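Structure data (mmCIF, C-alpha atoms) from query-v8.cif:
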data_my_file
#
loop_
_atom_site.label_atom_id
_atom_site.label_comp_id
_atom_site.auth_asym_id
_atom_site.auth_seq_id
_atom_site.Cartn_x
_atom_site.Cartn_y
_atom_site.Cartn_z
CA MET A 1 38.08 -11.64 -1.40
CA LYS A 2 39.15 -13.99 -4.19
CA CYS A 3 39.92 -12.58 -7.61
CA LEU A 4 37.42 -13.79 -10.21
CA TYR A 5 40.17 -14.39 -12.75
CA CYS A 6 43.17 -15.90 -10.92
CA GLU A 7 41.62 -16.72 -7.51
CA CYS A 8 44.32 -14.81 -5.66
CA THR A 9 43.08 -13.72 -2.23
CA ASP A 10 44.98 -10.43 -2.19
CA SER A 11 43.40 -7.34 -3.71
CA LYS A 12 43.38 -3.62 -3.06
CA VAL A 13 40.42 -1.27 -3.01
CA ILE A 14 40.68 1.40 -5.71
CA ASP A 15 37.34 3.15 -5.21
CA SER A 16 34.51 3.00 -2.65
CA ARG A 17 31.15 4.67 -2.91
CA SER A 18 27.67 4.30 -1.58
CA ALA A 19 25.30 2.42 -3.87
CA GLU A 20 21.93 3.83 -4.94
CA ASP A 21 19.99 2.47 -1.95
CA GLY A 22 22.35 4.04 0.58
CA ARG A 23 22.62 0.75 2.47
CA THR A 24 25.26 -0.83 0.26
CA ILE A 25 28.86 0.08 -0.43
CA ARG A 26 30.21 -0.56 -3.92
CA ARG A 27 33.94 -1.27 -3.97
CA ARG A 28 36.12 -1.35 -7.05
CA ARG A 29 39.06 -3.70 -6.46
CA GLU A 30 42.27 -4.56 -8.24
CA CYS A 31 43.97 -7.97 -7.91
CA THR A 32 47.59 -7.62 -6.78
CA ALA A 33 48.60 -10.78 -8.71
CA CYS A 34 47.02 -10.37 -12.18
CA GLY A 35 46.12 -6.66 -12.06
CA ARG A 36 42.55 -7.17 -13.28
CA ARG A 37 39.72 -5.25 -11.72
CA PHE A 38 36.39 -6.37 -10.29
CA THR A 39 33.52 -4.93 -8.25
CA THR A 40 32.22 -6.10 -4.89
CA TYR A 41 29.25 -4.95 -2.81
CA GLU A 42 29.17 -4.77 0.96
CA THR A 43 25.82 -4.84 2.77
CA ILE A 44 24.64 -5.00 6.35
CA GLU A 45 23.78 -8.51 7.43
CA ILE A 46 20.30 -8.56 8.89
CA THR A 47 19.53 -11.17 11.50
CA PRO A 48 16.10 -12.56 10.71
CA ILE A 49 13.45 -11.89 13.33
CA LEU A 50 10.74 -14.48 13.76
CA VAL A 51 7.15 -13.49 14.40
CA VAL A 52 5.35 -15.79 16.83
CA LYS A 53 1.71 -16.11 15.82
CA ASN A 54 -1.18 -16.79 18.21
CA ASN A 55 -1.21 -20.49 17.27
CA GLY A 56 2.52 -20.79 18.07
CA ALA A 57 3.66 -20.91 14.44
CA ARG A 58 6.72 -18.86 13.56
CA GLN A 59 7.56 -17.01 10.37
CA ALA A 60 10.05 -14.35 9.31
CA TYR A 61 9.11 -10.73 10.00
CA ASN A 62 7.73 -9.15 6.84
CA ALA A 63 7.22 -5.38 6.74
CA GLU A 64 4.95 -5.80 3.70
CA LYS A 65 2.39 -7.62 5.85
CA VAL A 66 2.42 -4.72 8.31
CA ARG A 67 2.05 -2.26 5.41
CA ASN A 68 -0.87 -4.21 3.91
CA GLY A 69 -2.70 -4.28 7.25
CA ILE A 70 -2.28 -0.53 7.68
CA ILE A 71 -3.35 0.18 4.10
CA LYS A 72 -6.46 -1.95 4.59
CA SER A 73 -7.45 -0.03 7.72
CA CYS A 74 -6.78 3.32 6.02
CA GLU A 75 -8.90 2.55 2.93
CA LYS A 76 -10.98 5.57 1.90
CA ARG A 77 -9.37 7.67 4.63
CA PRO A 78 -7.27 10.82 4.06
CA VAL A 79 -4.00 9.15 5.09
CA PRO A 80 -1.16 9.77 2.61
CA MET A 81 1.00 6.84 1.53
CA SER A 82 4.07 8.69 2.83
CA VAL A 83 2.60 8.60 6.35
CA ILE A 84 1.91 4.86 6.01
CA ASP A 85 5.48 4.28 4.79
CA ASP A 86 6.81 6.26 7.75
CA MET A 87 4.73 4.16 10.16
CA VAL A 88 5.99 0.91 8.61
CA ALA A 89 9.60 2.12 8.69
CA ASP A 90 9.21 3.20 12.32
CA ILE A 91 7.67 -0.14 13.32
CA SER A 92 10.37 -2.09 11.48
CA LYS A 93 13.05 -0.01 13.15
CA GLN A 94 11.51 -0.70 16.56
CA VAL A 95 11.29 -4.45 15.80
CA TYR A 96 14.95 -4.67 14.72
CA ASN A 97 16.19 -2.39 17.52
CA SER A 98 14.54 -4.58 20.15
CA MET A 99 17.55 -6.92 19.90
CA GLU A 100 15.18 -9.87 20.24
CA THR A 101 15.16 -12.80 17.81
CA GLU A 102 11.40 -13.32 18.20
CA ILE A 103 8.44 -10.97 18.53
CA THR A 104 4.75 -11.75 18.96
CA THR A 105 2.01 -10.67 16.59
CA LYS A 106 0.42 -9.05 19.63
CA ALA A 107 3.42 -6.76 20.12
CA ILE A 108 3.43 -5.78 16.43
CA GLY A 109 -0.33 -5.16 16.52
CA GLU A 110 0.07 -2.88 19.53
CA MET A 111 2.80 -0.91 17.71
CA VAL A 112 0.50 -0.47 14.70
CA MET A 113 -2.46 0.62 16.83
CA GLU A 114 -0.34 3.08 18.80
CA ARG A 115 0.64 4.84 15.57
CA LEU A 116 -2.77 4.60 13.88
CA LYS A 117 -4.43 6.20 16.91
CA LYS A 118 -2.27 9.31 16.39
CA VAL A 119 -2.84 9.45 12.62
CA ASP A 120 -6.52 8.57 12.07
CA GLU A 121 -8.99 7.39 14.71
CA VAL A 122 -11.30 5.69 12.19
CA ALA A 123 -8.38 3.68 10.77
CA TYR A 124 -7.41 2.84 14.36
CA VAL A 125 -10.91 1.53 15.15
CA ARG A 126 -10.95 -0.50 11.92
CA TYR A 127 -7.59 -2.08 12.73
CA ALA A 128 -8.51 -2.65 16.37
CA SER A 129 -11.80 -4.32 15.41
CA VAL A 130 -9.91 -6.95 13.41
CA TYR A 131 -6.85 -7.16 15.66
CA ARG A 132 -8.72 -7.40 18.94
CA SER A 133 -11.50 -9.42 17.27
CA PHE A 134 -14.32 -7.91 19.28
CA LYS A 135 -16.78 -10.60 20.24
CA ASP A 136 -19.84 -8.38 20.39
CA LEU A 137 -21.06 -4.81 20.18
CA SER A 138 -20.52 -4.11 23.90
CA SER A 139 -16.77 -4.86 23.74
CA PHE A 140 -16.54 -2.64 20.66
CA MET A 141 -18.42 0.15 22.44
CA SER A 142 -16.20 -0.09 25.52
CA GLU A 143 -13.15 0.47 23.28
CA LEU A 144 -14.84 3.51 21.72
CA LYS A 145 -15.72 4.88 25.17
CA GLN A 146 -12.10 4.53 26.27
CA MET A 147 -11.01 6.46 23.18
CA MET A 148 -13.54 9.21 23.82
CA LYS A 149 -12.52 9.43 27.48
CA ALA A 150 -8.84 9.68 26.53
CA ASP A 151 -9.71 12.30 23.92
CA LYS A 152 -11.49 14.44 26.52
CA THR A 153 -8.58 14.27 28.99
CA ASN A 154 -6.10 15.28 26.26
CA LYS A 155 -8.04 18.47 25.44
#
Spell out the structure here as structure tokens.
Amino acid sequence: MKCLYCECTDSKVIDSRSAEDGRTIRRRRECTACGRRFTTYETIEITPILVVKNNGARQAYNAEKVRNGIIKSCEKRPVPMSVIDDMVADISKQVYNSMETEITTKAIGEMVMERLKKVDEVAYVRYASVYRSFKDLSSFMSELKQMMKADKTNK
């Protein structure tokens, strides 16, 4: 780390502490040449993950898009924002822990639906209706029948 004042590359760490977000370390350093002090921040380098869309286009993974989709499906439903935030954090964790550099929108959609099904069935059906783009009423009804059948076997 170069000193801001004399550009010497040798410095010693005087103090280290976690920054407010808990994902950054703040280090107070002192230059061994000029004795002046400066602060550096150390963060985890995140490898960008690309999302492969249905048309083949690629874009960086954005947790906000996942959050917005979940919020839309949970509109006027008794799902607290803390639960939505937990779902988004869990999905993001799963995406980054996959160790893959690319993930499909289909895989992300399945992750969302898996969690929505456990939280609120109406929100799940709303999300599934857009995600799976049901062509007609019969395909929509077959999805509902599968849910009802699974619900009966779980009781």
Checklist line | Point-to-point distance in Å for CA of Gln59 in chain A and CA of Glu100 in chain A | finding: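 About the pair CA of Glu100 in chain A and CA of Gln59 in chain A: they are 14.4 Å apart.
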Check: Got a sec to resolve the PyMOL selection byres ((chain A and resi 122-134) around 12) on this structure and send the residues as a PyMOL selection string?
Finding: chain A and resi 54+66+68-79+84+105-121+135-148
Next item on the list: Tell me which of A:Tyr41, A:Pro80, A:Thr153, A:Lys65 sits closest to Glu20 in chain A, counting only C-alpha atoms.
Entry: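 Checking each of A:Tyr41, A:Pro80, A:Thr153, A:Lys65 against Glu20 in chain A, counting only C-alpha atoms, the winner is A:Tyr41.
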Given the file shown, enumerate the residues that the PyMOL selection byres ((chain A and resi 28) around 8) captures and present them as an mmCIF file with C-alpha atoms, keeping the file's coordinate frame.
data_model
loop_
_atom_site.group_PDB
_atom_site.id
_atom_site.type_symbol
_atom_site.label_atom_id
_atom_site.label_comp_id
_atom_site.auth_asym_id
_atom_site.auth_seq_id
_atom_site.Cartn_x
_atom_site.Cartn_y
_atom_site.Cartn_z
ATOM 1 C CA VAL A 13 40.420 -1.270 -3.010
ATOM 2 C CA ILE A 14 40.680 1.400 -5.710
ATOM 3 C CA ASP A 15 37.340 3.150 -5.210
ATOM 4 C CA SER A 16 34.510 3.000 -2.650
ATOM 5 C CA ARG A 26 30.210 -0.560 -3.920
ATOM 6 C CA ARG A 27 33.940 -1.270 -3.970
ATOM 7 C CA ARG A 29 39.060 -3.700 -6.460
ATOM 8 C CA GLU A 30 42.270 -4.560 -8.240
ATOM 9 C CA ARG A 37 39.720 -5.250 -11.720
ATOM 10 C CA PHE A 38 36.390 -6.370 -10.290
ATOM 11 C CA THR A 39 33.520 -4.930 -8.250
ATOM 12 C CA THR A 40 32.220 -6.100 -4.890
#
Next item on the list: Provide the CA of Arg67 in chain A to CA of Tyr96 in chain A distance in Å, to one decimal place.
Entry: 16.1 Å
Checklist line | Proximity to Cys3 in chain A - best of A:Asn55, A:Thr32, A:Asn62, A:Ser82, all atoms listed in the file | finding: A:Thr32
Notebook entry, point to check: Hey, can you check how far CA of Asp90 in chain A sits from CA of Ile103 in chain A?
Noted result: 15.5 Å
Checklist line | Selected residue, from A:Leu4, A:Ile25, A:Ala63, A:Cys31, that lies nearest to Thr43 in chain A when counting all atoms listed in the file | finding: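 Answer, going by the shortest atom-to-atom distance: A:Ile25.
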Determine the axis-aligned bounding box of all atoms of range 37-43 of chain A present in the file, pad each side by 4 Å, and express its centre and edge lengths in Å to one decimal place as lines of an AutoDock Vina configuration file.
center_x = 32.8
center_y = -5.6
center_z = -4.5
size_x = 21.9
size_y = 9.6
size_z = 22.5
